[in-house]
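Note: the block below is my_file-v2.json and it holds JSON, C-alpha atoms.
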[["chain", "number", "residue", "atom", "x", "y", "z"],
["A", 1, "MET", "CA", -260.78, -27.02, -20.21],
["A", 2, "PRO", "CA", -259.38, -30.56, -19.63],
["A", 3, "VAL", "CA", -255.67, -30.73, -18.86],
["A", 4, "ARG", "CA", -253.16, -33.51, -18.98],
["A", 5, "SER", "CA", -249.41, -33.92, -19.10],
["A", 6, "PRO", "CA", -247.03, -34.49, -22.00],
["A", 7, "PHE", "CA", -245.24, -36.87, -19.61],
["A", 8, "SER", "CA", -246.41, -40.32, -18.61],
["A", 9, "CYS", "CA", -245.00, -39.90, -15.06],
["A", 10, "VAL", "CA", -243.28, -37.26, -12.93],
["A", 11, "LEU", "CA", -240.36, -37.89, -10.54],
["A", 12, "TRP", "CA", -239.67, -35.37, -7.79],
["A", 13, "ASP", "CA", -236.44, -34.55, -6.03],
["A", 14, "VAL", "CA", -237.25, -33.50, -2.44],
["A", 15, "ASP", "CA", -234.65, -31.21, -0.78],
["A", 16, "GLY", "CA", -234.62, -27.87, -2.57],
["A", 17, "THR", "CA", -237.44, -28.88, -4.92],
["A", 18, "LEU", "CA", -240.46, -29.84, -2.82],
["A", 19, "VAL", "CA", -239.15, -29.17, 0.68],
["A", 20, "ASP", "CA", -236.96, -26.51, 2.29],
["A", 21, "ALA", "CA", -235.33, -28.28, 5.23],
["A", 22, "SER", "CA", -232.30, -25.98, 5.33],
["A", 23, "GLU", "CA", -232.81, -24.70, 8.89],
["A", 24, "GLY", "CA", -232.69, -28.18, 10.39],
["A", 25, "ILE", "CA", -229.89, -29.33, 8.09],
["A", 26, "LEU", "CA", -227.66, -26.40, 9.11],
["A", 27, "ARG", "CA", -228.33, -27.02, 12.80],
["A", 28, "ARG", "CA", -227.55, -30.74, 12.58],
["A", 29, "LEU", "CA", -224.47, -30.16, 10.43],
["A", 30, "THR", "CA", -223.13, -27.64, 12.92],
["A", 31, "ILE", "CA", -223.53, -30.08, 15.82],
["A", 32, "THR", "CA", -222.09, -32.99, 13.82],
["A", 33, "LEU", "CA", -219.04, -31.19, 12.44],
["A", 34, "GLU", "CA", -218.18, -29.60, 15.78],
["A", 35, "HIS", "CA", -218.47, -33.06, 17.35],
["A", 36, "PHE", "CA", -215.89, -34.37, 14.87],
["A", 37, "GLY", "CA", -213.62, -31.34, 15.20],
["A", 38, "ARG", "CA", -214.46, -29.82, 11.82],
["A", 39, "THR", "CA", -215.60, -26.32, 10.91],
["A", 40, "PRO", "CA", -219.36, -26.13, 10.27],
["A", 41, "PRO", "CA", -220.70, -24.37, 7.17],
["A", 42, "THR", "CA", -222.23, -20.93, 7.16],
["A", 43, "ARG", "CA", -225.75, -20.59, 5.75],
["A", 44, "GLY", "CA", -224.21, -19.26, 2.54],
["A", 45, "GLU", "CA", -222.21, -22.48, 2.19],
["A", 46, "LEU", "CA", -225.24, -24.76, 2.54],
["A", 47, "SER", "CA", -225.50, -25.18, -1.23],
["A", 48, "ARG", "CA", -222.44, -27.43, -0.97],
["A", 49, "TRP", "CA", -224.35, -29.76, 1.37],
["A", 50, "ILE", "CA", -228.00, -29.84, 0.32],
["A", 51, "GLY", "CA", -228.73, -32.25, -2.49],
["A", 52, "PRO", "CA", -225.82, -34.70, -2.76],
["A", 53, "PRO", "CA", -225.69, -37.70, -0.39],
["A", 54, "MET", "CA", -224.25, -36.77, 3.01],
["A", 55, "PHE", "CA", -221.82, -39.70, 2.83],
["A", 56, "GLU", "CA", -220.28, -38.03, -0.23],
["A", 57, "SER", "CA", -220.51, -34.48, 1.15],
["A", 58, "PHE", "CA", -218.58, -35.19, 4.35],
["A", 59, "GLN", "CA", -215.69, -36.40, 2.20],
["A", 60, "VAL", "CA", -215.81, -33.71, -0.47],
["A", 61, "ASN", "CA", -216.52, -30.72, 1.77],
["A", 62, "VAL", "CA", -214.43, -31.40, 4.88],
["A", 63, "GLY", "CA", -211.98, -34.07, 3.72],
["A", 64, "MET", "CA", -213.22, -37.03, 5.76],
["A", 65, "THR", "CA", -212.19, -40.55, 4.85],
["A", 66, "PRO", "CA", -214.95, -43.00, 3.88],
["A", 67, "GLU", "CA", -214.72, -44.53, 7.35],
["A", 68, "GLN", "CA", -214.98, -41.14, 9.07],
["A", 69, "SER", "CA", -217.83, -40.19, 6.77],
["A", 70, "THR", "CA", -219.72, -43.33, 7.74],
["A", 71, "GLU", "CA", -219.42, -42.34, 11.42],
["A", 72, "ALA", "CA", -220.46, -38.76, 10.68],
["A", 73, "VAL", "CA", -223.51, -39.86, 8.69],
["A", 74, "ALA", "CA", -224.59, -42.16, 11.53],
["A", 75, "PHE", "CA", -224.18, -39.34, 14.07],
["A", 76, "TYR", "CA", -226.04, -36.86, 11.85],
["A", 77, "ARG", "CA", -228.89, -39.33, 11.22],
["A", 78, "GLY", "CA", -229.14, -39.99, 14.95],
["A", 79, "LEU", "CA", -229.71, -36.28, 15.56],
["A", 80, "ASN", "CA", -232.30, -36.21, 12.80],
["A", 81, "LYS", "CA", -234.19, -39.17, 14.21],
["A", 82, "SER", "CA", -234.15, -37.84, 17.76],
["A", 83, "GLU", "CA", -235.60, -34.44, 16.85],
["A", 84, "GLY", "CA", -238.01, -35.72, 14.21],
["A", 85, "TYR", "CA", -237.62, -35.78, 10.44],
["A", 86, "THR", "CA", -240.13, -33.00, 9.81],
["A", 87, "VAL", "CA", -238.95, -30.41, 12.35],
["A", 88, "SER", "CA", -238.28, -27.01, 10.74],
["A", 89, "ALA", "CA", -239.15, -28.32, 7.26],
["A", 90, "ARG", "CA", -241.57, -26.45, 5.02],
["A", 91, "LEU", "CA", -242.93, -26.85, 1.52],
["A", 92, "TYR", "CA", -241.99, -24.38, -1.18],
["A", 93, "PRO", "CA", -244.97, -22.20, -2.16],
["A", 94, "GLY", "CA", -247.32, -23.78, -4.66],
["A", 95, "VAL", "CA", -245.69, -27.22, -4.89],
["A", 96, "ALA", "CA", -248.38, -29.03, -2.90],
["A", 97, "GLU", "CA", -251.09, -27.64, -5.15],
["A", 98, "LEU", "CA", -249.19, -28.73, -8.25],
["A", 99, "VAL", "CA", -248.67, -32.25, -6.90],
["A", 100, "HIS", "CA", -252.38, -32.45, -6.05],
["A", 101, "ASP", "CA", -253.38, -31.16, -9.49],
["A", 102, "LEU", "CA", -251.11, -33.62, -11.29],
["A", 103, "HIS", "CA", -252.71, -36.44, -9.31],
["A", 104, "ALA", "CA", -256.18, -35.14, -10.14],
["A", 105, "ALA", "CA", -255.22, -35.09, -13.82],
["A", 106, "GLY", "CA", -254.24, -38.77, -13.60],
["A", 107, "VAL", "CA", -250.46, -38.24, -13.80],
["A", 108, "PRO", "CA", -248.53, -40.86, -11.77],
["A", 109, "GLN", "CA", -245.83, -39.40, -9.52],
["A", 110, "SER", "CA", -242.96, -40.59, -7.34],
["A", 111, "THR", "CA", -240.18, -39.07, -5.28],
["A", 112, "ALA", "CA", -236.59, -39.71, -6.38],
["A", 113, "SER", "CA", -234.59, -38.28, -3.49],
["A", 114, "SER", "CA", -231.07, -38.62, -2.15],
["A", 115, "LYS", "CA", -232.50, -38.28, 1.37],
["A", 116, "PRO", "CA", -232.91, -41.58, 3.22],
["A", 117, "GLU", "CA", -236.23, -43.07, 2.26],
["A", 118, "VAL", "CA", -237.50, -43.24, 5.85],
["A", 119, "GLN", "CA", -237.18, -39.45, 6.01],
["A", 120, "VAL", "CA", -238.84, -38.94, 2.64],
["A", 121, "VAL", "CA", -241.81, -41.07, 3.73],
["A", 122, "ALA", "CA", -242.13, -39.04, 6.94],
["A", 123, "LEU", "CA", -242.05, -35.74, 5.03],
["A", 124, "MET", "CA", -244.58, -36.85, 2.41],
["A", 125, "ASP", "CA", -246.92, -38.07, 5.14],
["A", 126, "HIS", "CA", -246.44, -34.90, 7.18],
["A", 127, "PHE", "CA", -247.27, -32.59, 4.27],
["A", 128, "GLY", "CA", -250.16, -34.70, 2.99],
["A", 129, "LEU", "CA", -248.51, -35.54, -0.32],
["A", 130, "ALA", "CA", -248.25, -39.32, 0.15],
["A", 131, "PRO", "CA", -251.77, -40.06, -1.20],
["A", 132, "ASP", "CA", -250.84, -38.32, -4.47],
["A", 133, "LEU", "CA", -247.74, -40.47, -5.04],
["A", 134, "GLU", "CA", -247.60, -43.91, -6.63],
["A", 135, "ALA", "CA", -244.20, -44.51, -5.03],
["A", 136, "ILE", "CA", -241.97, -42.86, -2.42],
["A", 137, "VAL", "CA", -238.32, -43.51, -3.19],
["A", 138, "GLY", "CA", -235.20, -42.32, -1.39],
["A", 139, "ALA", "CA", -231.70, -43.46, -0.51],
["A", 140, "SER", "CA", -230.82, -46.32, 1.79],
["A", 141, "LEU", "CA", -230.34, -45.25, 5.40],
["A", 142, "ASP", "CA", -226.55, -45.61, 5.22],
["A", 143, "GLU", "CA", -226.52, -43.78, 1.84],
["A", 144, "ARG", "CA", -224.14, -46.40, 0.47],
["A", 145, "SER", "CA", -226.16, -49.32, -0.93],
["A", 146, "LEU", "CA", -228.53, -46.90, -2.72],
["A", 147, "SER", "CA", -227.41, -43.29, -3.02],
["A", 148, "ALA", "CA", -226.38, -42.38, -6.59],
["A", 149, "LYS", "CA", -229.07, -40.21, -8.17],
["A", 150, "SER", "CA", -229.16, -42.30, -11.34],
["A", 151, "ASP", "CA", -229.77, -45.46, -9.31],
["A", 152, "ILE", "CA", -232.52, -43.74, -7.30],
["A", 153, "VAL", "CA", -234.19, -42.56, -10.52],
["A", 154, "ARG", "CA", -234.04, -46.11, -11.91],
["A", 155, "GLU", "CA", -235.49, -47.48, -8.67],
["A", 156, "ALA", "CA", -238.36, -44.98, -8.84],
["A", 157, "LEU", "CA", -239.12, -46.05, -12.41],
["A", 158, "ARG", "CA", -238.91, -49.72, -11.41],
["A", 159, "ARG", "CA", -241.43, -49.24, -8.60],
["A", 160, "LEU", "CA", -243.75, -47.25, -10.83],
["A", 161, "GLU", "CA", -243.61, -49.98, -13.48],
["A", 162, "ALA", "CA", -244.36, -52.57, -10.80],
["A", 163, "ASN", "CA", -247.51, -50.57, -10.03],
["A", 164, "GLY", "CA", -248.54, -50.69, -13.67],
["A", 165, "VAL", "CA", -247.47, -47.14, -14.53],
["A", 166, "ASP", "CA", -246.43, -46.17, -18.07],
["A", 167, "THR", "CA", -242.83, -44.98, -17.70],
["A", 168, "SER", "CA", -242.18, -44.40, -21.40],
["A", 169, "ARG", "CA", -242.13, -40.59, -21.06],
["A", 170, "PRO", "CA", -240.80, -39.74, -17.59],
["A", 171, "VAL", "CA", -239.48, -36.42, -16.34],
["A", 172, "LEU", "CA", -237.43, -35.59, -13.23],
["A", 173, "ILE", "CA", -237.87, -32.29, -11.38],
["A", 174, "GLY", "CA", -234.76, -31.23, -9.45],
["A", 175, "ASP", "CA", -232.61, -28.34, -8.29],
["A", 176, "ARG", "CA", -228.98, -29.53, -8.36],
["A", 177, "HIS", "CA", -226.42, -30.58, -10.95],
["A", 178, "HIS", "CA", -226.49, -34.14, -9.64],
["A", 179, "ASP", "CA", -230.20, -34.27, -10.53],
["A", 180, "VAL", "CA", -229.34, -33.25, -14.10],
["A", 181, "GLU", "CA", -226.46, -35.71, -14.30],
["A", 182, "GLY", "CA", -228.38, -38.54, -12.64],
["A", 183, "GLY", "CA", -231.37, -38.03, -14.89],
["A", 184, "ALA", "CA", -229.17, -38.04, -17.99],
["A", 185, "ASP", "CA", -227.45, -41.24, -16.88],
["A", 186, "ALA", "CA", -230.85, -42.90, -16.39],
["A", 187, "GLY", "CA", -232.18, -41.56, -19.69],
["A", 188, "VAL", "CA", -234.72, -39.24, -18.03],
["A", 189, "PRO", "CA", -235.11, -35.56, -19.05],
["A", 190, "VAL", "CA", -234.84, -33.02, -16.24],
["A", 191, "ILE", "CA", -236.70, -29.81, -15.53],
["A", 192, "PHE", "CA", -234.47, -27.69, -13.30],
["A", 193, "VAL", "CA", -236.07, -25.46, -10.65],
["A", 194, "ARG", "CA", -234.13, -22.38, -9.56],
["A", 195, "TRP", "CA", -235.76, -21.85, -6.16],
["A", 196, "GLY", "CA", -233.55, -24.42, -4.40],
["A", 197, "PHE", "CA", -229.88, -24.25, -3.41],
["A", 198, "SER", "CA", -228.17, -24.27, -6.78],
["A", 199, "TRP", "CA", -225.65, -22.11, -8.56],
["A", 200, "PRO", "CA", -226.68, -20.84, -12.02],
["A", 201, "TYR", "CA", -224.36, -23.21, -13.94],
["A", 202, "GLU", "CA", -226.00, -26.27, -12.39],
["A", 203, "ALA", "CA", -228.92, -26.06, -14.82],
["A", 204, "ASP", "CA", -226.57, -26.83, -17.72],
["A", 205, "GLY", "CA", -227.75, -29.98, -19.44],
["A", 206, "ALA", "CA", -231.34, -29.77, -18.20],
["A", 207, "GLN", "CA", -234.10, -29.82, -20.82],
["A", 208, "ALA", "CA", -235.68, -26.77, -19.19],
["A", 209, "ALA", "CA", -235.09, -24.42, -16.27],
["A", 210, "VAL", "CA", -237.89, -22.61, -14.46],
["A", 211, "ASP", "CA", -237.90, -19.73, -11.99],
["A", 212, "ASP", "CA", -241.26, -20.28, -10.33],
["A", 213, "ILE", "CA", -244.09, -22.73, -9.83],
["A", 214, "ASP", "CA", -246.22, -21.20, -12.58],
["A", 215, "GLN", "CA", -243.54, -21.87, -15.18],
["A", 216, "LEU", "CA", -243.21, -25.44, -13.94],
["A", 217, "ARG", "CA", -246.98, -25.95, -14.03],
["A", 218, "ALA", "CA", -247.06, -24.73, -17.63],
["A", 219, "LEU", "CA", -244.64, -27.51, -18.61],
["A", 220, "LEU", "CA", -246.28, -30.30, -16.63],
["A", 221, "LEU", "CA", -249.97, -29.62, -17.23],
["A", 222, "VAL", "CA", -251.28, -28.41, -20.57],
["A", 223, "SER", "CA", -254.65, -28.31, -22.27],
["A", 224, "ASP", "CA", -255.68, -30.87, -24.86],
["A", 225, "ASP", "CA", -255.55, -28.14, -27.50],
["A", 226, "GLU", "CA", -251.96, -27.26, -26.57],
["A", 227, "LEU", "CA", -250.92, -30.90, -26.68],
["A", 228, "ALA", "CA", -252.51, -31.36, -30.08],
["A", 229, "ALA", "CA", -250.70, -28.27, -31.38],
["A", 230, "GLU", "CA", -247.36, -29.58, -30.10],
["A", 231, "GLY", "CA", -247.88, -33.12, -31.33],
["A", 232, "ASP", "CA", -247.97, -34.67, -27.82],
["A", 233, "GLY", "CA", -244.36, -35.76, -28.11],
["A", 234, "GLY", "CA", -243.42, -35.46, -24.45],
["A", 235, "THR", "CA", -240.74, -32.91, -25.27],
["A", 236, "VAL", "CA", -239.81, -30.06, -22.98],
["A", 237, "THR", "CA", -239.55, -26.52, -24.24],
["A", 238, "ARG", "CA", -236.56, -24.75, -22.69],
["A", 239, "VAL", "CA", -237.71, -21.87, -20.48]]
What is this structure when it is put down as structure tokens?
Amino acid sequence: MPVRSPFSCVLWDVDGTLVDASEGILRRLTITLEHFGRTPPTRGELSRWIGPPMFESFQVNVGMTPEQSTEAVAFYRGLNKSEGYTVSARLYPGVAELVHDLHAAGVPQSTASSKPEVQVVALMDHFGLAPDLEAIVGASLDERSLSAKSDIVREALRRLEANGVDTSRPVLIGDRHHDVEGGADAGVPVIFVRWGFSWPYEADGAQAAVDDIDQLRALLLVSDDELAAEGDGGTVTRV
């Protein structure tokens, strides 16, 4: 049976949504924070670091000044570049197949990530997802000129529109509260995935929250009969 999406385009967060890069992030954070005389996080504390921009996290989590945070981000990014952006990263089960199937169904897609865009491009190429994406959007390398989630979402929509994509019914898929808040600020509904690094309360404000890839698929790809029954309004049913 033919399937399509109630959304005109899909935006993807990367860390905690498409990609689990936690092993490498913890290793680089440990080296960086010890270098600057700060206590590194345990694995259980990684949820405080994965998702928000690192420039912000160094200030919030270990009390660095903006100037110190700039130095720490540069040091951290240097480690990342030297070891390779894709080392230790893996895709969450089933996400590649869903991205491929959305593309096959004619649904335009883009990333909307707080990771530096150069890293997002490397990851999408590495995992073979780049051909399925109309745009690959991430933060600026310094995480200052482009880092707020709402601005990244707007930039993703701008690039999609420049490619002729209908952005009238977008949806953002993410795993942290800043995805929900950034989507709301940009006027984009959010489907929250619970397999990332979030706390339960972080789904508050999302239009839906899903526990697994099958639940997400059911919201993003539906049959023509299901769409007709629902009126094809691009709404999200809360899971």
| Atomic separation - atom CA of A:Asp179 relative to atom CA of A:Asp132, Å | 21.9 Å
| remark: atom CA of A:Gly106 to atom CA of A:Gly196 measures 26.8 Å
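Of the listed residues A:Ala112, A:Ala162, A:Ala208, A:Leu172, the one whose atoms come nearest to A:Lys149 is A:Ala112, with distances taken using only C-alpha atoms.
Atom pair atom CA of A:Ser110 / atom CA of A:Leu129: separated by 10.3 Å.
Take the candidates A:Gly128, A:Pro53, A:Pro2, A:Pro108 and check each one against A:Val95 using all atoms listed in the file; the shortest distance goes to A:Gly128.
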| task | With a distance cut-off of 9 Å and all atoms listed in the file, select the neighbouring residues of A:Asp204, excluding the residue or stretch itself and same-chain residues fewer than 4 positions from it, and output the selection as an NGL selection string. | result | :A and (177 or 180 or 200 or 209)
| said: When you count all atoms listed in the file, which of these residues is closest to A:Ala96: A:Arg158, A:Arg38, A:His178, A:His126? | reply: A:His126
| Within 7 Å of A:Val210, counting only C-alpha atoms, which residues qualify if same-chain residues fewer than 2 places away don't, as a ChimeraX atom specification? | /A:192-194,208,212,215-216,239
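With all atoms listed in the file as the atoms that count, the residue of A:Gly164, A:Gly138, A:Gly63, A:Pro40 with the shortest distance to A:Thr111 is A:Gly138.
Among the candidates A:Val107, A:Ala89, A:Ala184, A:Arg154, the residue lying nearest to A:Pro6 is A:Val107 (atoms considered: only C-alpha atoms).
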| query | Which of these, A:Ala135, A:Ile25, A:Leu102, A:Val60, has the shortest distance to A:Thr86 once you count only C-alpha atoms? | reply | A:Ile25
| message | Please return as JSON, numbers by chain every residue within 8 Å of (-243.9, -42.1, 0.3), taking into account all atoms listed in the file and the file's own coordinates. | response | {"A": [110, 111, 117, 120, 121, 122, 124, 125, 130, 133, 135, 136, 137]}
Please report, as AutoDock Vina command-line options, the centre and edge lengths in Å to one decimal of an axis-aligned box covering all listed atoms of stretch 142-152 of chain A with 3 Å per side.
--center_x -228.3 --center_y -44.8 --center_z -3.1 --size_x 14.4 --size_y 15.1 --size_z 22.6
Kindly complete stretch 183-194 of chain A to all heavy atoms; the output should be written as a compact mmCIF listing (two decimals), in the frame of the given file.
# COMPACT_ATOMS: atom_id res chain seq x y z
N GLY A 183 -230.30 -37.84 -13.93
CA GLY A 183 -231.37 -38.03 -14.89
C GLY A 183 -230.83 -38.42 -16.24
O GLY A 183 -231.33 -39.35 -16.89
N ALA A 184 -229.77 -37.73 -16.69
CA ALA A 184 -229.17 -38.04 -17.99
C ALA A 184 -228.64 -39.46 -18.02
O ALA A 184 -228.83 -40.19 -19.01
CB ALA A 184 -228.05 -37.05 -18.30
N ASP A 185 -228.00 -39.89 -16.94
CA ASP A 185 -227.45 -41.24 -16.88
C ASP A 185 -228.55 -42.29 -16.94
O ASP A 185 -228.35 -43.39 -17.49
CB ASP A 185 -226.62 -41.41 -15.60
CG ASP A 185 -225.87 -42.73 -15.58
OD1 ASP A 185 -225.01 -42.94 -16.47
OD2 ASP A 185 -226.13 -43.56 -14.69
N ALA A 186 -229.72 -41.97 -16.38
CA ALA A 186 -230.85 -42.90 -16.39
C ALA A 186 -231.75 -42.72 -17.61
O ALA A 186 -232.76 -43.40 -17.74
CB ALA A 186 -231.67 -42.72 -15.11
N GLY A 187 -231.38 -41.78 -18.49
CA GLY A 187 -232.18 -41.56 -19.69
C GLY A 187 -233.47 -40.81 -19.44
O GLY A 187 -234.44 -40.97 -20.20
N VAL A 188 -233.50 -39.97 -18.39
CA VAL A 188 -234.72 -39.24 -18.03
C VAL A 188 -234.46 -37.74 -18.17
O VAL A 188 -233.51 -37.21 -17.58
CB VAL A 188 -235.14 -39.55 -16.57
CG1 VAL A 188 -236.34 -38.71 -16.16
CG2 VAL A 188 -235.47 -41.04 -16.44
N PRO A 189 -235.29 -37.02 -18.94
CA PRO A 189 -235.11 -35.56 -19.05
C PRO A 189 -235.38 -34.88 -17.71
O PRO A 189 -236.15 -35.38 -16.89
CB PRO A 189 -236.13 -35.16 -20.10
CG PRO A 189 -237.17 -36.24 -20.07
CD PRO A 189 -236.43 -37.49 -19.74
N VAL A 190 -234.75 -33.73 -17.51
CA VAL A 190 -234.84 -33.02 -16.24
C VAL A 190 -235.35 -31.60 -16.46
O VAL A 190 -234.88 -30.89 -17.36
CB VAL A 190 -233.47 -32.97 -15.54
CG1 VAL A 190 -233.54 -32.13 -14.26
CG2 VAL A 190 -232.99 -34.37 -15.22
N ILE A 191 -236.31 -31.21 -15.64
CA ILE A 191 -236.70 -29.81 -15.53
C ILE A 191 -236.06 -29.27 -14.26
O ILE A 191 -236.30 -29.80 -13.17
CB ILE A 191 -238.23 -29.63 -15.49
CG1 ILE A 191 -238.87 -30.15 -16.78
CG2 ILE A 191 -238.59 -28.15 -15.29
CD1 ILE A 191 -240.39 -30.10 -16.77
N PHE A 192 -235.26 -28.25 -14.40
CA PHE A 192 -234.47 -27.69 -13.30
C PHE A 192 -235.23 -26.52 -12.67
O PHE A 192 -235.66 -25.61 -13.37
CB PHE A 192 -233.13 -27.20 -13.85
CG PHE A 192 -232.13 -26.84 -12.81
CD1 PHE A 192 -231.20 -27.76 -12.37
CD2 PHE A 192 -232.08 -25.55 -12.30
CE1 PHE A 192 -230.25 -27.42 -11.42
CE2 PHE A 192 -231.13 -25.20 -11.35
CZ PHE A 192 -230.22 -26.13 -10.91
N VAL A 193 -235.41 -26.56 -11.34
CA VAL A 193 -236.07 -25.46 -10.65
C VAL A 193 -235.01 -24.61 -9.96
O VAL A 193 -234.08 -25.12 -9.34
CB VAL A 193 -237.12 -25.96 -9.64
CG1 VAL A 193 -238.20 -26.78 -10.35
CG2 VAL A 193 -236.49 -26.77 -8.51
N ARG A 194 -235.15 -23.29 -10.07
CA ARG A 194 -234.13 -22.38 -9.56
C ARG A 194 -234.42 -21.86 -8.16
O ARG A 194 -233.73 -20.97 -7.68
CB ARG A 194 -233.97 -21.20 -10.53
CG ARG A 194 -233.40 -21.57 -11.90
CD ARG A 194 -232.95 -20.33 -12.64
NE ARG A 194 -232.35 -20.63 -13.93
CZ ARG A 194 -232.94 -20.46 -15.10
NH1 ARG A 194 -234.19 -19.99 -15.15
NH2 ARG A 194 -232.32 -20.75 -16.23
